[in-house]
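Written out below as structure tokens is the structure these notes cover.
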Amino acid sequence: YRESNHMSSVTRNRFLIWRCLGNVLELVEQSLDVNLCNNAVRFSFPGCCLLPDVMVTELAHAIVVLVATDKTVHRLTFPHPTKLPVLTDTTLTLTGSVEPAHPSILYNCSSDGLLDSSNYARITIGSADTMLVPTCTANLSLTGKAMFVLATYSGSMLVVTLPSAGSGDFSQQIELRQTSMMQRLWTGIVPTLMRQSGAVPETVCGLCLHALGNDVFIFALCRDSKLRIWSTSQWECCHTVNLLDYIADVANLQLADDAQHLLRKSPGDSSKRVGLAAYLAFDGKQQVCLLQVEVVNNEMIVHHIANRPLSTDRVVSMCVSRSEVWLLCTSFNGQSTVLYSSVDGSQFGCMAWCTVASDDRYICQLDSGPSASGSQSDPAPIGI
């Protein structure tokens, strides 16, 4: 929470953990200071495959969780901790003392309203093979609209927009596709099994959404190492950057086996500019590239900050804070390591990566939290 470090705040030392297990999304709210009642819930999505990119947004009155599957998109809304009622119940602590119980934001969670047309949409565009989704992203606008972008192996992107909650409007769906793509080849001539077994150069590996000026842009890092920037007001690709231009020697560059590029944006960027970190998964020549994108006089400008090579075997996850880039790496023998580096452009290109840990007992996915504490009871899944 934004005020988690404020001593007088009800959200002090309080946080939300989520993880995806097959078609089940598990949410657990934890507090280091108080006992939270009914603080765990599981949502089941029968017949769907949950995508691991879950977005959580804190509003003044609510906590909004945006979830996507390969067939549906969902908006889950919970009350903000400051809006919760005071309970008269008490709980017994481990020391034997009695303390008042505090409700979790998941306290009265139910399936009511989860399938409302403003909070849920079934994806109806695209063919059966299009619904293979390697990555996705989501964004909640200031007006309350939720936008989901799902990449496909055929090279297109499916954009689904949910209206503001309670507005009575309908969801919108559109498919974005490069005009130069051989659509006839990939939809008619090549058998479905062949299309599913591989990807095209335009297949998106990493996605980000960010509002710049009066528009929301989709930043798509593709297998051909090009960053394609799409406008959601014009529904067209307005800018393309070839990240290979920032690498000295590009001869014989190939993607590593079972690896893909990653793209993350820095938090808290304004509506005038956004910072991006791109991991390029080349075999034997891995790179992390820092960029800054801004709009000046209605013209998009992409600044290259620095590149940093990597000598690790494989990067499986990446996140960007206000001051560092964090990488979760694994070796071929299964050993995990966390690396980080400052995003300061004057230091990023010349300083060595700092190692945080190399013991698997202390490593977890950077994009997902640990499992719930053993003291919590396992909740029954809520079907959607």
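Naming works like this for the structure tokens: A, B, ... for the chains as they're shown, residue 1 at the start of each chain, ligands 1 onward in shown order.
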Nearby residues (only C-alpha atoms) at most 7 Å from A:Val56, same-chain spacing under 3 positions excluded, as a ChimeraX atom specification = /A:64-66
Go ahead and write the residues just picked, all heavy atoms, as a PDB file, in the first residue's frame.
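The result, stored in out.pdb:
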```
ATOM      1  N   VAL A  64      -8.151  -2.773  -6.881  1.00  0.00           N
ATOM      2  CA  VAL A  64      -8.623  -3.389  -8.112  1.00  0.00           C
ATOM      3  C   VAL A  64      -7.568  -4.371  -8.610  1.00  0.00           C
ATOM      4  O   VAL A  64      -6.384  -4.015  -8.745  1.00  0.00           O
ATOM      5  CB  VAL A  64      -8.917  -2.333  -9.195  1.00  0.00           C
ATOM      6  CG1 VAL A  64      -9.402  -3.006 -10.479  1.00  0.00           C
ATOM      7  CG2 VAL A  64      -9.954  -1.328  -8.692  1.00  0.00           C
ATOM      8  N   VAL A  65      -7.996  -5.600  -8.889  1.00  0.00           N
ATOM      9  CA  VAL A  65      -7.123  -6.641  -9.406  1.00  0.00           C
ATOM     10  C   VAL A  65      -7.591  -6.995 -10.814  1.00  0.00           C
ATOM     11  O   VAL A  65      -8.751  -7.376 -11.006  1.00  0.00           O
ATOM     12  CB  VAL A  65      -7.144  -7.898  -8.503  1.00  0.00           C
ATOM     13  CG1 VAL A  65      -6.217  -8.970  -9.062  1.00  0.00           C
ATOM     14  CG2 VAL A  65      -6.750  -7.535  -7.074  1.00  0.00           C
ATOM     15  N   LEU A  66      -6.722  -6.866 -11.795  1.00  0.00           N
ATOM     16  CA  LEU A  66      -7.029  -7.189 -13.192  1.00  0.00           C
ATOM     17  C   LEU A  66      -6.395  -8.529 -13.528  1.00  0.00           C
ATOM     18  O   LEU A  66      -5.179  -8.711 -13.379  1.00  0.00           O
ATOM     19  CB  LEU A  66      -6.514  -6.100 -14.133  1.00  0.00           C
ATOM     20  CG  LEU A  66      -7.063  -4.681 -13.882  1.00  0.00           C
ATOM     21  CD1 LEU A  66      -6.491  -3.708 -14.894  1.00  0.00           C
ATOM     22  CD2 LEU A  66      -8.583  -4.677 -13.915  1.00  0.00           C
TER      23      LEU A  66
END
```
A:Ser231: which residues within 9 Å, counting only C-alpha atoms, same-chain residues fewer than 5 positions away excluded, as a PyMOL selection string?
-> chain A and resi 215-218+236-238
Take the residues just selected and output them with N, CA and C atoms as a PDB file, in the first residue's frame.
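The resulting file, selection.pdb, is reproduced below:
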```pdb
ATOM      1  N   ASP A 215      -2.994  10.072 -24.828  1.00  0.00           N
ATOM      2  CA  ASP A 215      -3.137   8.763 -25.453  1.00  0.00           C
ATOM      3  C   ASP A 215      -2.542   7.700 -24.540  1.00  0.00           C
ATOM      4  N   VAL A 216      -3.014   6.460 -24.705  1.00  0.00           N
ATOM      5  CA  VAL A 216      -2.445   5.298 -24.024  1.00  0.00           C
ATOM      6  C   VAL A 216      -1.708   4.480 -25.074  1.00  0.00           C
ATOM      7  N   PHE A 217      -0.446   4.174 -24.810  1.00  0.00           N
ATOM      8  CA  PHE A 217       0.383   3.480 -25.778  1.00  0.00           C
ATOM      9  C   PHE A 217       0.690   2.055 -25.313  1.00  0.00           C
ATOM     10  N   ILE A 218       0.739   1.159 -26.285  1.00  0.00           N
ATOM     11  CA  ILE A 218       1.135  -0.229 -26.052  1.00  0.00           C
ATOM     12  C   ILE A 218       2.584  -0.376 -26.499  1.00  0.00           C
ATOM     13  N   GLU A 236      -2.970   1.975 -34.362  1.00  0.00           N
ATOM     14  CA  GLU A 236      -1.941   1.719 -35.369  1.00  0.00           C
ATOM     15  C   GLU A 236      -0.567   1.828 -34.711  1.00  0.00           C
ATOM     16  N   CYS A 237       0.413   1.193 -35.360  1.00  0.00           N
ATOM     17  CA  CYS A 237       1.785   1.253 -34.878  1.00  0.00           C
ATOM     18  C   CYS A 237       2.363   2.606 -35.286  1.00  0.00           C
ATOM     19  N   CYS A 238       2.703   3.427 -34.296  1.00  0.00           N
ATOM     20  CA  CYS A 238       3.149   4.790 -34.573  1.00  0.00           C
ATOM     21  C   CYS A 238       4.661   4.948 -34.500  1.00  0.00           C
TER      22      CYS A 238
END
```
Stretch 248-299 of chain A near stretch 204-211 of chain A within 12 Å: what's each residue's closest atom pair and its distance in Å to one decimal, counting only C-alpha atoms, ordered by chain then ascending residue number, as JSON lines?
```
{"residue": "A:Leu255", "atom": "CA", "partner": "A:Cys205", "partner_atom": "CA", "distance": 11.7}
{"residue": "A:Ala259", "atom": "CA", "partner": "A:Cys205", "partner_atom": "CA", "distance": 9.8}
{"residue": "A:Gln260", "atom": "CA", "partner": "A:Cys205", "partner_atom": "CA", "distance": 6.2}
{"residue": "A:His261", "atom": "CA", "partner": "A:Cys205", "partner_atom": "CA", "distance": 5.5}
{"residue": "A:Leu262", "atom": "CA", "partner": "A:Gly206", "partner_atom": "CA", "distance": 4.9}
{"residue": "A:Leu263", "atom": "CA", "partner": "A:Gly206", "partner_atom": "CA", "distance": 4.6}
{"residue": "A:Arg264", "atom": "CA", "partner": "A:Cys208", "partner_atom": "CA", "distance": 6.6}
{"residue": "A:Lys265", "atom": "CA", "partner": "A:Cys208", "partner_atom": "CA", "distance": 6.7}
{"residue": "A:Ser266", "atom": "CA", "partner": "A:Cys208", "partner_atom": "CA", "distance": 10.2}
{"residue": "A:Pro267", "atom": "CA", "partner": "A:His210", "partner_atom": "CA", "distance": 10.3}
{"residue": "A:Gly268", "atom": "CA", "partner": "A:His210", "partner_atom": "CA", "distance": 10.6}
{"residue": "A:Asp269", "atom": "CA", "partner": "A:His210", "partner_atom": "CA", "distance": 8.9}
{"residue": "A:Ser270", "atom": "CA", "partner": "A:Ala211", "partner_atom": "CA", "distance": 8.3}
{"residue": "A:Ser271", "atom": "CA", "partner": "A:Ala211", "partner_atom": "CA", "distance": 5.7}
{"residue": "A:Lys272", "atom": "CA", "partner": "A:Ala211", "partner_atom": "CA", "distance": 8.3}
{"residue": "A:Arg273", "atom": "CA", "partner": "A:Ala211", "partner_atom": "CA", "distance": 8.9}
{"residue": "A:Val274", "atom": "CA", "partner": "A:His210", "partner_atom": "CA", "distance": 7.5}
{"residue": "A:Gly275", "atom": "CA", "partner": "A:His210", "partner_atom": "CA", "distance": 10.1}
{"residue": "A:Leu276", "atom": "CA", "partner": "A:Cys208", "partner_atom": "CA", "distance": 8.8}
{"residue": "A:Ala277", "atom": "CA", "partner": "A:Gly206", "partner_atom": "CA", "distance": 10.4}
{"residue": "A:Ala278", "atom": "CA", "partner": "A:Gly206", "partner_atom": "CA", "distance": 8.3}
{"residue": "A:Tyr279", "atom": "CA", "partner": "A:Gly206", "partner_atom": "CA", "distance": 9.2}
{"residue": "A:Leu280", "atom": "CA", "partner": "A:Cys205", "partner_atom": "CA", "distance": 10.1}
{"residue": "A:Ala281", "atom": "CA", "partner": "A:Cys205", "partner_atom": "CA", "distance": 10.5}
{"residue": "A:Val293", "atom": "CA", "partner": "A:His210", "partner_atom": "CA", "distance": 10.3}
{"residue": "A:Glu294", "atom": "CA", "partner": "A:Ala211", "partner_atom": "CA", "distance": 10.4}
{"residue": "A:Val295", "atom": "CA", "partner": "A:Ala211", "partner_atom": "CA", "distance": 10.4}
```
Output the selection as a short mmCIF file (atom, residue, chain, number, x, y, z; two decimals), in the first residue's frame - N, CA and C atoms for each residue.
```cif
data_model
loop_
_atom_site.label_atom_id
_atom_site.label_comp_id
_atom_site.auth_asym_id
_atom_site.auth_seq_id
_atom_site.Cartn_x
_atom_site.Cartn_y
_atom_site.Cartn_z
N LEU A 255 18.16 -16.29 -30.66
CA LEU A 255 17.50 -16.44 -29.37
C LEU A 255 17.92 -17.74 -28.70
N ALA A 259 13.91 -19.56 -24.34
CA ALA A 259 14.01 -18.25 -23.71
C ALA A 259 13.32 -17.22 -24.59
N GLN A 260 12.93 -16.11 -23.99
CA GLN A 260 12.30 -15.06 -24.75
C GLN A 260 12.66 -13.70 -24.15
N HIS A 261 12.54 -12.67 -24.98
CA HIS A 261 12.80 -11.31 -24.50
C HIS A 261 11.79 -10.94 -23.41
N LEU A 262 12.18 -9.99 -22.56
CA LEU A 262 11.30 -9.47 -21.51
C LEU A 262 11.27 -7.95 -21.58
N LEU A 263 10.14 -7.36 -21.20
CA LEU A 263 10.00 -5.91 -21.18
C LEU A 263 9.29 -5.48 -19.91
N ARG A 264 9.85 -4.50 -19.20
CA ARG A 264 9.24 -3.95 -17.99
C ARG A 264 9.35 -2.43 -18.03
N LYS A 265 8.40 -1.76 -17.38
CA LYS A 265 8.48 -0.31 -17.26
C LYS A 265 8.74 0.07 -15.81
N SER A 266 9.36 1.23 -15.63
CA SER A 266 9.65 1.70 -14.28
C SER A 266 8.38 2.27 -13.65
N PRO A 267 8.20 2.13 -12.35
CA PRO A 267 6.98 2.62 -11.70
C PRO A 267 7.00 4.12 -11.50
N GLY A 268 5.81 4.69 -11.40
CA GLY A 268 5.68 6.08 -11.02
C GLY A 268 6.05 7.09 -12.07
N ASP A 269 6.20 6.67 -13.33
CA ASP A 269 6.55 7.63 -14.36
C ASP A 269 5.35 8.51 -14.69
N SER A 270 5.63 9.73 -15.13
CA SER A 270 4.58 10.71 -15.38
C SER A 270 3.92 10.47 -16.73
N SER A 271 2.96 11.33 -17.06
CA SER A 271 2.29 11.26 -18.35
C SER A 271 3.12 11.88 -19.46
N LYS A 272 4.32 12.36 -19.13
CA LYS A 272 5.19 12.96 -20.14
C LYS A 272 6.28 12.03 -20.62
N ARG A 273 6.67 11.05 -19.77
CA ARG A 273 7.74 10.15 -20.15
C ARG A 273 7.60 8.84 -19.38
N VAL A 274 8.25 7.80 -19.90
CA VAL A 274 8.24 6.50 -19.24
C VAL A 274 9.58 5.82 -19.48
N GLY A 275 10.10 5.16 -18.44
CA GLY A 275 11.33 4.40 -18.56
C GLY A 275 11.04 2.93 -18.81
N LEU A 276 11.82 2.30 -19.71
CA LEU A 276 11.63 0.90 -20.08
C LEU A 276 12.95 0.15 -19.92
N ALA A 277 12.84 -1.11 -19.52
CA ALA A 277 13.98 -2.02 -19.47
C ALA A 277 13.65 -3.23 -20.32
N ALA A 278 14.51 -3.54 -21.29
CA ALA A 278 14.30 -4.67 -22.20
C ALA A 278 15.42 -5.67 -22.01
N TYR A 279 15.05 -6.92 -21.72
CA TYR A 279 16.02 -8.00 -21.66
C TYR A 279 16.00 -8.74 -22.99
N LEU A 280 17.17 -8.82 -23.63
CA LEU A 280 17.30 -9.49 -24.93
C LEU A 280 17.98 -10.82 -24.72
N ALA A 281 17.25 -11.91 -24.99
CA ALA A 281 17.69 -13.26 -24.63
C ALA A 281 18.47 -13.91 -25.76
N VAL A 293 11.13 6.91 -23.06
CA VAL A 293 10.22 7.34 -24.13
C VAL A 293 9.46 8.56 -23.66
N GLU A 294 9.38 9.56 -24.52
CA GLU A 294 8.60 10.75 -24.20
C GLU A 294 7.94 11.30 -25.45
N VAL A 295 6.91 12.09 -25.24
CA VAL A 295 6.19 12.73 -26.33
C VAL A 295 6.42 14.23 -26.22
#
```
Would you kindly return, as a VMD selection string, each protein, DNA or RNA residue with an atom no farther than 8 Å from any atom of A:Gln30, considering only C-alpha atoms and excluding same-chain residues fewer than 4 positions away?
-> chain A and resid 14 to 17 36 39
Name all residues at most 12 Å from A:Thr240 (count only C-alpha atoms; drop same-chain ones fewer than 6 positions away) and give them as a VMD selection string.
-> chain A and resid 178 202 218 to 222 224 to 231 293 300 to 302
Atom pair atom CA of A:Lys71 / atom CA of A:Glu29: separation (Å) = 27.2 Å
Excluding same-chain residues fewer than 4 positions from A:Ser164, what lies within 10 Å of it counting only C-alpha atoms, as a PDB file with N, CA and C atoms, in the first residue's frame?
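And here is the file that came out, part_31.pdb:
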```
ATOM      1  N   SER A 118     -19.751  -5.371 -16.821  1.00  0.00           N
ATOM      2  CA  SER A 118     -18.739  -4.325 -16.701  1.00  0.00           C
ATOM      3  C   SER A 118     -17.451  -4.835 -16.062  1.00  0.00           C
ATOM      4  N   ASN A 119     -17.484  -6.023 -15.452  1.00  0.00           N
ATOM      5  CA  ASN A 119     -16.304  -6.569 -14.785  1.00  0.00           C
ATOM      6  C   ASN A 119     -15.760  -7.830 -15.445  1.00  0.00           C
ATOM      7  N   LEU A 140      -5.392   0.224 -15.687  1.00  0.00           N
ATOM      8  CA  LEU A 140      -6.623   0.842 -15.208  1.00  0.00           C
ATOM      9  C   LEU A 140      -6.488   2.352 -15.394  1.00  0.00           C
ATOM     10  N   SER A 141      -7.395   2.930 -16.180  1.00  0.00           N
ATOM     11  CA  SER A 141      -7.316   4.353 -16.481  1.00  0.00           C
ATOM     12  C   SER A 141      -7.872   5.185 -15.332  1.00  0.00           C
ATOM     13  N   LEU A 142      -7.663   6.498 -15.406  1.00  0.00           N
ATOM     14  CA  LEU A 142      -8.171   7.400 -14.377  1.00  0.00           C
ATOM     15  C   LEU A 142      -9.693   7.434 -14.365  1.00  0.00           C
ATOM     16  N   THR A 143     -10.317   7.099 -15.503  1.00  0.00           N
ATOM     17  CA  THR A 143     -11.781   7.075 -15.578  1.00  0.00           C
ATOM     18  C   THR A 143     -12.372   5.745 -15.137  1.00  0.00           C
ATOM     19  N   GLY A 144     -11.528   4.777 -14.783  1.00  0.00           N
ATOM     20  CA  GLY A 144     -12.014   3.488 -14.308  1.00  0.00           C
ATOM     21  C   GLY A 144     -12.093   2.414 -15.360  1.00  0.00           C
ATOM     22  N   LYS A 145     -11.766   2.720 -16.621  1.00  0.00           N
ATOM     23  CA  LYS A 145     -11.781   1.694 -17.663  1.00  0.00           C
ATOM     24  C   LYS A 145     -10.562   0.780 -17.513  1.00  0.00           C
ATOM     25  N   ALA A 146     -10.777  -0.507 -17.741  1.00  0.00           N
ATOM     26  CA  ALA A 146      -9.705  -1.496 -17.644  1.00  0.00           C
ATOM     27  C   ALA A 146      -9.359  -1.990 -19.046  1.00  0.00           C
ATOM     28  N   GLY A 168     -22.791   0.787 -17.160  1.00  0.00           N
ATOM     29  CA  GLY A 168     -23.792   0.212 -18.049  1.00  0.00           C
ATOM     30  C   GLY A 168     -23.319   0.057 -19.482  1.00  0.00           C
ATOM     31  N   ASP A 169     -22.083   0.481 -19.780  1.00  0.00           N
ATOM     32  CA  ASP A 169     -21.552   0.332 -21.131  1.00  0.00           C
ATOM     33  C   ASP A 169     -21.094  -1.104 -21.363  1.00  0.00           C
ATOM     34  N   PHE A 170     -20.775  -1.394 -22.630  1.00  0.00           N
ATOM     35  CA  PHE A 170     -20.342  -2.734 -23.008  1.00  0.00           C
ATOM     36  C   PHE A 170     -18.834  -2.749 -23.240  1.00  0.00           C
ATOM     37  N   SER A 171     -18.258  -3.935 -23.138  1.00  0.00           N
ATOM     38  CA  SER A 171     -16.823  -4.080 -23.403  1.00  0.00           C
ATOM     39  C   SER A 171     -16.546  -3.953 -24.895  1.00  0.00           C
TER      40      SER A 171
END
```
Of A:Val296, A:Ser336, A:Val67, A:Leu290, the one sitting nearest A:Thr312 when using only C-alpha atoms is A:Ser336
DSSP strand (DSSP E) residues within stretch 46-292 of chain A, as a ChimeraX atom specification | /A:55-58,62-68,72-79,90-92,98-100,102-103,120-122,136-140,146-151,157-162,172-176,204-212,215-222,226-231,236-242,262-265,273-280,286-292
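Closest approach to A:Val200 among A:Thr232, A:Thr152, A:Arg122, A:Val34: A:Thr152, based on only C-alpha atoms.
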